[in-house]
Amino acid sequence: MKKSLLFVWICIALVCLMSACGTSSVKTKKWRLVWSEDFNQKDGFDAVTWSKIPRGTADWKNYMSDFDSCYALRDGNLVLRGMVNHTQKNDTAPYLTGGVYTKDKKLFTGGRVEVRAKLQAAKGAWPAIWMLPNNAEWPNGGEIDIMERLNYDSIAYQTVHSYYTYKLGFQDTPPHGGINQIHPEEYNVYSVDIYPDSLVFAINHRHTFTYPRIETDKEGQFPFYQPYYLLIDMQLGGSWVGKVDPKDLPVEMQVDWVRYYEKR
């Protein structure tokens, strides 16, 4: 009889503990979803939010193009392509790439930005998901690299840049980047949490590194808590990733969704 009563009390205690844990986990959730993009449109991506990235002189946008074949919406994914330029006779670029951004349209100040994407590999492929300030020049306003992958790597890079890291050269005090494993043939979730005093990076919810605001008399160490826009682009070639092998092209970047959360 005593053993039976003991068993009953243990069961009651376990039920109470599980109930308390469940209630606690709900109350302590940090984030509230306030905006998402699922790319379920059929006639093109939402032009109210996104624009095609124009070509420029920097490595990452040498081959940016508005050519329709660099873009697609397929099975609820935004598809960005890098390809050999076989058809655009008035364009002297050897390659063409697709990229979109939310500049002057959808801005993010603080919060969590998450992107689920699948990246095809190719020699010279350099897909990226990143953020720039809407109203500040580079590097003074900073840069937040949520994901960069090179070639056939099974890792992705997550990095920050600023006047402090780039102009003054303080790249290790504190460390301004890290790497994390990805599933090369599958979708992965890339994220950054932007706080007034730190940036916290993760891949597939595994922590990569934290970049803190520190006390320093040096200029421009933490400019990141201001309105930023998001860039997603399929890049090819450059001094970091190296030469492109045209036999590996075309190459695709498939973006399943983008989510933006704010702290509760």
# chains A, B, ... in the order shown; residues from 1 in each chain; ligands from 1
>>> residues_around(residues="A:Asn188", least_positions_apart="4", cutoff="8 Å", atoms="only C-alpha atoms", output="PyMOL selection string")
chain A and resi 116-118+182-183+203-204
>>> write_last_selection(atoms="N, CA, C and O atoms", output="PDB file, in the first residue's frame")
ATOM      1  N   ARG A 116      16.074  30.363 -45.074  1.00  0.00           N
ATOM      2  CA  ARG A 116      16.247  28.939 -45.393  1.00  0.00           C
ATOM      3  C   ARG A 116      16.558  28.830 -46.876  1.00  0.00           C
ATOM      4  O   ARG A 116      15.774  29.279 -47.724  1.00  0.00           O
ATOM      5  N   ALA A 117      17.700  28.226 -47.183  1.00  0.00           N
ATOM      6  CA  ALA A 117      18.145  28.184 -48.568  1.00  0.00           C
ATOM      7  C   ALA A 117      18.923  26.913 -48.858  1.00  0.00           C
ATOM      8  O   ALA A 117      19.523  26.305 -47.968  1.00  0.00           O
ATOM      9  N   LYS A 118      18.916  26.538 -50.135  1.00  0.00           N
ATOM     10  CA  LYS A 118      19.670  25.398 -50.633  1.00  0.00           C
ATOM     11  C   LYS A 118      20.634  25.910 -51.700  1.00  0.00           C
ATOM     12  O   LYS A 118      20.231  26.664 -52.596  1.00  0.00           O
ATOM     13  N   ILE A 182      27.483  23.019 -42.829  1.00  0.00           N
ATOM     14  CA  ILE A 182      26.186  22.990 -43.489  1.00  0.00           C
ATOM     15  C   ILE A 182      25.962  21.588 -44.055  1.00  0.00           C
ATOM     16  O   ILE A 182      26.893  20.783 -44.137  1.00  0.00           O
ATOM     17  N   HIS A 183      24.717  21.302 -44.421  1.00  0.00           N
ATOM     18  CA  HIS A 183      24.401  20.089 -45.172  1.00  0.00           C
ATOM     19  C   HIS A 183      24.478  20.475 -46.649  1.00  0.00           C
ATOM     20  O   HIS A 183      23.566  21.116 -47.177  1.00  0.00           O
ATOM     21  N   ILE A 203      23.819  28.615 -37.623  1.00  0.00           N
ATOM     22  CA  ILE A 203      23.409  27.863 -38.809  1.00  0.00           C
ATOM     23  C   ILE A 203      22.672  26.626 -38.317  1.00  0.00           C
ATOM     24  O   ILE A 203      23.188  25.883 -37.478  1.00  0.00           O
ATOM     25  N   ASN A 204      21.465  26.443 -38.828  1.00  0.00           N
ATOM     26  CA  ASN A 204      20.604  25.348 -38.369  1.00  0.00           C
ATOM     27  C   ASN A 204      20.457  25.370 -36.851  1.00  0.00           C
ATOM     28  O   ASN A 204      20.452  24.326 -36.191  1.00  0.00           O
TER      29      ASN A 204
END
>>> residues_around(residues="stretch 130-138 of chain A", least_positions_apart="5", cutoff="7 Å", atoms="only C-alpha atoms", output="list in words")
Lys103, Asp104, Glu143, Ile144, Asp145, Ile146, Met147, Gln226, Pro227, Tyr228, Tyr229, Leu230, Leu231 and Ile232 of chain A
>>> closest_residue(among="A:Tyr164, A:Gly220, A:Met64, A:Ile53", to="A:Asn85", atoms="only C-alpha atoms")
A:Met64
>>> select_by_dssp(residues="stretch 35-211 of chain A", states="helix (DSSP H, G or I)", output="compact mmCIF listing (two decimals) with N, CA and C atoms, in the first residue's frame")
# COMPACT_ATOMS: atom_id res chain seq x y z
N ASP A 59 33.79 42.97 -56.60
CA ASP A 59 33.83 41.56 -56.99
C ASP A 59 32.47 40.91 -56.94
N TRP A 60 31.72 41.21 -55.88
CA TRP A 60 30.47 40.48 -55.66
C TRP A 60 29.38 40.83 -56.66
N LYS A 61 29.49 41.96 -57.33
CA LYS A 61 28.43 42.33 -58.27
C LYS A 61 28.93 42.61 -59.69
N ASP A 68 16.08 37.84 -67.35
CA ASP A 68 15.03 37.02 -66.74
C ASP A 68 15.48 35.61 -66.41
N SER A 69 16.37 35.04 -67.18
CA SER A 69 16.80 33.66 -66.94
C SER A 69 17.61 33.50 -65.67
N CYS A 70 18.07 34.60 -65.08
CA CYS A 70 18.80 34.54 -63.81
C CYS A 70 17.86 34.43 -62.62
N TYR A 163 34.10 49.95 -40.00
CA TYR A 163 35.28 50.81 -40.01
C TYR A 163 36.35 50.26 -39.06
N TYR A 164 35.89 49.75 -37.94
CA TYR A 164 36.79 49.21 -36.90
C TYR A 164 37.55 47.99 -37.41
N THR A 165 36.85 47.07 -38.10
CA THR A 165 37.52 45.84 -38.57
C THR A 165 38.28 46.07 -39.87
N TYR A 166 37.72 46.90 -40.75
CA TYR A 166 38.30 47.03 -42.10
C TYR A 166 39.34 48.14 -42.18
N LYS A 167 38.98 49.34 -41.77
CA LYS A 167 39.91 50.47 -41.87
C LYS A 167 40.98 50.43 -40.78
>>> atom_distance(atom1="atom CA of A:Asn140", atom2="atom CA of A:Pro223")
7.4 Å
>>> closest_residue(among="A:Val113, A:Ala47, A:Leu78, A:Ala125", to="A:Trp35", atoms="only C-alpha atoms")
A:Val113
>>> atom_distance(atom1="atom CA of A:Ala156", atom2="atom CA of A:Gly124")
14.6 Å
>>> closest_residue(among="A:Thr210, A:Ser51, A:Asn77, A:Thr159", to="A:Tyr101", atoms="only C-alpha atoms")
A:Ser51
>>> select_by_dssp(residues="stretch 2-169 of chain A", states="strand (DSSP E or B)", output="number ranges by chain")
A: 31-37, 51-52, 64, 71-74, 77-84, 95-97, 99-101, 108, 111-119, 125-133, 143-148, 155-161
>>> write_last_selection(atoms="C-alpha atoms", output="PDB file, in the first residue's frame")
ATOM      1  CA  TRP A  31      10.926  36.016 -30.450  1.00  0.00           C
ATOM      2  CA  ARG A  32       7.714  37.024 -32.189  1.00  0.00           C
ATOM      3  CA  LEU A  33       7.374  36.584 -35.968  1.00  0.00           C
ATOM      4  CA  VAL A  34       6.489  39.955 -37.481  1.00  0.00           C
ATOM      5  CA  TRP A  35       7.218  39.462 -41.203  1.00  0.00           C
ATOM      6  CA  SER A  36       7.895  36.598 -43.577  1.00  0.00           C
ATOM      7  CA  GLU A  37       8.430  35.996 -47.282  1.00  0.00           C
ATOM      8  CA  SER A  51      14.447  44.780 -56.301  1.00  0.00           C
ATOM      9  CA  LYS A  52      17.015  43.216 -58.615  1.00  0.00           C
ATOM     10  CA  MET A  64      24.747  41.062 -61.645  1.00  0.00           C
ATOM     11  CA  TYR A  71      15.545  34.532 -61.793  1.00  0.00           C
ATOM     12  CA  ALA A  72      12.662  32.132 -61.236  1.00  0.00           C
ATOM     13  CA  LEU A  73       9.927  31.246 -58.793  1.00  0.00           C
ATOM     14  CA  ARG A  74       9.662  27.461 -58.521  1.00  0.00           C
ATOM     15  CA  ASN A  77      11.335  28.998 -53.890  1.00  0.00           C
ATOM     16  CA  LEU A  78      13.063  32.073 -55.241  1.00  0.00           C
ATOM     17  CA  VAL A  79      15.698  30.706 -57.612  1.00  0.00           C
ATOM     18  CA  LEU A  80      18.777  32.830 -58.359  1.00  0.00           C
ATOM     19  CA  ARG A  81      21.131  31.563 -61.067  1.00  0.00           C
ATOM     20  CA  GLY A  82      24.699  32.067 -62.203  1.00  0.00           C
ATOM     21  CA  MET A  83      25.321  31.210 -65.850  1.00  0.00           C
ATOM     22  CA  VAL A  84      27.551  31.651 -68.843  1.00  0.00           C
ATOM     23  CA  TYR A  95      28.829  35.459 -66.821  1.00  0.00           C
ATOM     24  CA  LEU A  96      25.433  36.609 -65.569  1.00  0.00           C
ATOM     25  CA  THR A  97      24.112  36.315 -62.012  1.00  0.00           C
ATOM     26  CA  GLY A  99      20.444  38.856 -56.919  1.00  0.00           C
ATOM     27  CA  VAL A 100      17.723  40.701 -55.017  1.00  0.00           C
ATOM     28  CA  TYR A 101      17.652  43.153 -52.136  1.00  0.00           C
ATOM     29  CA  PHE A 108      15.340  45.681 -40.310  1.00  0.00           C
ATOM     30  CA  GLY A 111      15.645  41.403 -34.176  1.00  0.00           C
ATOM     31  CA  ARG A 112      16.323  38.013 -35.731  1.00  0.00           C
ATOM     32  CA  VAL A 113      16.708  37.468 -39.474  1.00  0.00           C
ATOM     33  CA  GLU A 114      16.469  33.866 -40.707  1.00  0.00           C
ATOM     34  CA  VAL A 115      16.757  32.537 -44.254  1.00  0.00           C
ATOM     35  CA  ARG A 116      16.247  28.939 -45.393  1.00  0.00           C
ATOM     36  CA  ALA A 117      18.145  28.184 -48.568  1.00  0.00           C
ATOM     37  CA  LYS A 118      19.670  25.398 -50.633  1.00  0.00           C
ATOM     38  CA  LEU A 119      22.935  26.087 -52.443  1.00  0.00           C
ATOM     39  CA  ALA A 125      30.271  29.935 -56.961  1.00  0.00           C
ATOM     40  CA  TRP A 126      29.855  32.427 -54.122  1.00  0.00           C
ATOM     41  CA  PRO A 127      26.222  32.623 -52.928  1.00  0.00           C
ATOM     42  CA  ALA A 128      25.599  35.099 -50.142  1.00  0.00           C
ATOM     43  CA  ILE A 129      22.923  36.268 -47.710  1.00  0.00           C
ATOM     44  CA  TRP A 130      23.861  39.532 -46.025  1.00  0.00           C
ATOM     45  CA  MET A 131      22.843  42.968 -44.786  1.00  0.00           C
ATOM     46  CA  LEU A 132      23.916  46.568 -45.353  1.00  0.00           C
ATOM     47  CA  PRO A 133      22.806  49.847 -43.714  1.00  0.00           C
ATOM     48  CA  GLU A 143      28.099  44.891 -42.975  1.00  0.00           C
ATOM     49  CA  ILE A 144      26.493  41.711 -41.595  1.00  0.00           C
ATOM     50  CA  ASP A 145      27.247  38.539 -43.562  1.00  0.00           C
ATOM     51  CA  ILE A 146      24.676  35.911 -42.572  1.00  0.00           C
ATOM     52  CA  MET A 147      26.000  33.354 -45.060  1.00  0.00           C
ATOM     53  CA  GLU A 148      28.761  33.070 -47.632  1.00  0.00           C
ATOM     54  CA  ILE A 155      31.045  25.060 -44.383  1.00  0.00           C
ATOM     55  CA  ALA A 156      29.636  28.564 -44.561  1.00  0.00           C
ATOM     56  CA  TYR A 157      31.186  31.798 -43.336  1.00  0.00           C
ATOM     57  CA  GLN A 158      29.426  34.314 -41.091  1.00  0.00           C
ATOM     58  CA  THR A 159      31.214  37.628 -40.675  1.00  0.00           C
ATOM     59  CA  VAL A 160      30.898  41.296 -39.750  1.00  0.00           C
ATOM     60  CA  HIS A 161      32.716  44.240 -41.293  1.00  0.00           C
TER      61      HIS A 161
END
>>> closest_residue(among="A:Gln254, A:Thr87, A:Thr208, A:Gln221", to="A:Ser162", atoms="only C-alpha atoms")
A:Gln221
>>> closest_residue(among="A:Met253, A:Ala93, A:Leu107, A:Val200", to="A:Arg149", atoms="only C-alpha atoms")
A:Met253
>>> atom_distance(atom1="atom CA of A:Asp172", atom2="atom CA of A:Gly238")
24.2 Å
